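Enquirer: Quick one: the structure is below, and I'll ask about it shortly.
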Amino acid sequence: MSVEHPSGSGSVPGPSGPVGGPPAEPDDFDFTGSLRLAPGGGAVDWDVLHTQARIAMTKAYVPYSKYPVGAAALLETGSIVSGCNVENASYGLTLCAECTMVGQLQMTGGGRIVAFTCVNGDGEPITPCGRCRQLLHEFSAETMYIRTAEGVTTLQDLLPQAFGPRDLEA
């Protein structure tokens, strides 16, 4: 079977169908030259992840910064987890959206993240901070894709030579 290239430039060999929606966006093709596969053999549906991040963002508790953030991740199992930032008057105890998302990941059985995005209060994609990149690395699949304001990239590109669980395996 083949999947129609979103730019209309013809078809490319592809899986039997995307998981949760249409084929990958044009920037997905530009990034890797081929479809990125989600669990079950489909393309990552960035629109679904983006929507889940926007929904999570509406739940943010941000009385101090007024900067709500929502995050969503696709797991190897095909399920999606999400989270929002939760501020605290002491500031240092504030939880980033990625932190609450990882809490949900663990509370729902754990797993490995294959695709991730986060959004600001306007619903625009943003890039995770350094601390959150390290947190995502702890729960990432071998290759994890991240949609940022500049397009889709890998966690490896955002956090090169990262130290993590794989370094502690004997």
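Following the order of the structure tokens, first chain is A, next is B, and so on, with residues numbered from 1 inside each chain and ligands from 1 in the order they appear.
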Give me the residues within 12 Å of Arg166 (chain A) as a PyMOL selection string, counting only C-alpha atoms and dropping any in the same chain fewer than 5 places off.

Expert: chain A and resi 137-142+161

Enquirer: Which parts of region 85-146 of chain A does DSSP call strand (DSSP E) when run on the backbone here, written out as a ChimeraX atom specification?

Expert: /A:113-119,125-126,140-146

Enquirer: How would the residues just picked look written out with N, CA, C and O atoms as a PDB file, in the first residue's frame?

Expert:
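Written output follows (result22.pdb):
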```pdb
ATOM      1  N   ILE A 113       7.819   7.106  25.552  1.00  0.00           N
ATOM      2  CA  ILE A 113       7.287   8.166  24.705  1.00  0.00           C
ATOM      3  C   ILE A 113       7.933   8.110  23.324  1.00  0.00           C
ATOM      4  O   ILE A 113       9.159   8.103  23.213  1.00  0.00           O
ATOM      5  N   VAL A 114       7.108   8.104  22.279  1.00  0.00           N
ATOM      6  CA  VAL A 114       7.624   8.117  20.904  1.00  0.00           C
ATOM      7  C   VAL A 114       7.448   9.472  20.234  1.00  0.00           C
ATOM      8  O   VAL A 114       8.193   9.814  19.312  1.00  0.00           O
ATOM      9  N   ALA A 115       6.472  10.271  20.681  1.00  0.00           N
ATOM     10  CA  ALA A 115       6.241  11.590  20.099  1.00  0.00           C
ATOM     11  C   ALA A 115       5.693  12.506  21.183  1.00  0.00           C
ATOM     12  O   ALA A 115       4.918  12.076  22.045  1.00  0.00           O
ATOM     13  N   PHE A 116       6.083  13.796  21.123  1.00  0.00           N
ATOM     14  CA  PHE A 116       5.735  14.744  22.175  1.00  0.00           C
ATOM     15  C   PHE A 116       5.558  16.136  21.593  1.00  0.00           C
ATOM     16  O   PHE A 116       6.257  16.522  20.651  1.00  0.00           O
ATOM     17  N   THR A 117       4.651  16.886  22.185  1.00  0.00           N
ATOM     18  CA  THR A 117       4.539  18.310  21.880  1.00  0.00           C
ATOM     19  C   THR A 117       4.041  19.046  23.109  1.00  0.00           C
ATOM     20  O   THR A 117       3.396  18.454  23.978  1.00  0.00           O
ATOM     21  N   CYS A 118       4.360  20.340  23.187  1.00  0.00           N
ATOM     22  CA  CYS A 118       3.797  21.192  24.230  1.00  0.00           C
ATOM     23  C   CYS A 118       3.433  22.539  23.614  1.00  0.00           C
ATOM     24  O   CYS A 118       4.005  22.937  22.590  1.00  0.00           O
ATOM     25  N   VAL A 119       2.459  23.193  24.228  1.00  0.00           N
ATOM     26  CA  VAL A 119       1.929  24.449  23.684  1.00  0.00           C
ATOM     27  C   VAL A 119       1.828  25.510  24.775  1.00  0.00           C
ATOM     28  O   VAL A 119       1.706  25.191  25.954  1.00  0.00           O
ATOM     29  N   PRO A 125       2.998  25.746  19.407  1.00  0.00           N
ATOM     30  CA  PRO A 125       4.029  24.816  19.883  1.00  0.00           C
ATOM     31  C   PRO A 125       5.221  25.582  20.479  1.00  0.00           C
ATOM     32  O   PRO A 125       5.614  26.633  19.962  1.00  0.00           O
ATOM     33  N   ILE A 126       5.737  25.060  21.579  1.00  0.00           N
ATOM     34  CA  ILE A 126       6.936  25.614  22.208  1.00  0.00           C
ATOM     35  C   ILE A 126       7.920  24.480  22.456  1.00  0.00           C
ATOM     36  O   ILE A 126       7.564  23.299  22.382  1.00  0.00           O
ATOM     37  N   SER A 140      11.767   8.252  27.359  1.00  0.00           N
ATOM     38  CA  SER A 140      11.693   8.228  25.891  1.00  0.00           C
ATOM     39  C   SER A 140      11.926   6.836  25.324  1.00  0.00           C
ATOM     40  O   SER A 140      12.623   6.011  25.914  1.00  0.00           O
ATOM     41  N   ALA A 141      11.323   6.613  24.163  1.00  0.00           N
ATOM     42  CA  ALA A 141      11.638   5.425  23.372  1.00  0.00           C
ATOM     43  C   ALA A 141      13.045   5.637  22.788  1.00  0.00           C
ATOM     44  O   ALA A 141      13.638   6.714  22.934  1.00  0.00           O
ATOM     45  N   GLU A 142      13.564   4.635  22.137  1.00  0.00           N
ATOM     46  CA  GLU A 142      14.907   4.746  21.540  1.00  0.00           C
ATOM     47  C   GLU A 142      15.013   6.001  20.672  1.00  0.00           C
ATOM     48  O   GLU A 142      15.992   6.716  20.725  1.00  0.00           O
ATOM     49  N   THR A 143      13.990   6.257  19.867  1.00  0.00           N
ATOM     50  CA  THR A 143      13.903   7.511  19.109  1.00  0.00           C
ATOM     51  C   THR A 143      12.600   8.180  19.502  1.00  0.00           C
ATOM     52  O   THR A 143      11.551   7.558  19.473  1.00  0.00           O
ATOM     53  N   MET A 144      12.703   9.441  19.887  1.00  0.00           N
ATOM     54  CA  MET A 144      11.528  10.206  20.298  1.00  0.00           C
ATOM     55  C   MET A 144      11.481  11.488  19.482  1.00  0.00           C
ATOM     56  O   MET A 144      12.467  12.211  19.399  1.00  0.00           O
ATOM     57  N   TYR A 145      10.326  11.756  18.887  1.00  0.00           N
ATOM     58  CA  TYR A 145      10.148  12.948  18.059  1.00  0.00           C
ATOM     59  C   TYR A 145       9.439  14.027  18.867  1.00  0.00           C
ATOM     60  O   TYR A 145       8.536  13.741  19.654  1.00  0.00           O
ATOM     61  N   ILE A 146       9.860  15.279  18.652  1.00  0.00           N
ATOM     62  CA  ILE A 146       9.280  16.416  19.348  1.00  0.00           C
ATOM     63  C   ILE A 146       8.889  17.467  18.326  1.00  0.00           C
ATOM     64  O   ILE A 146       9.695  17.851  17.478  1.00  0.00           O
TER      65      ILE A 146
END
```

Enquirer: Which residue, A:Cys84, A:Leu159, A:Met101, A:Met107, has the smallest gap to Ala60 (chain A) when you use only C-alpha atoms?

Expert: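 Using only C-alpha atoms, the shortest distance to Ala60 (chain A) belongs to A:Cys84.
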
Enquirer: Just how far from CA of Ala162 (chain A) is CA of Asp47 (chain A), in Å to one decimal?

Expert: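 Interatomic distance here is 28.3 Å.
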
Enquirer: Would you mind reading off the distance between CA of Glu98 (chain A) and CA of Arg147 (chain A), one decimal, in Å?

Expert: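 CA of Arg147 (chain A) lies at a distance of 13.8 Å from CA of Glu98 (chain A).
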
Enquirer: Between CA of Thr94 (chain A) and CA of Gln106 (chain A), what is the spacing in Å?

Expert: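 About the pair CA of Gln106 (chain A) and CA of Thr94 (chain A): they are 19.2 Å apart.
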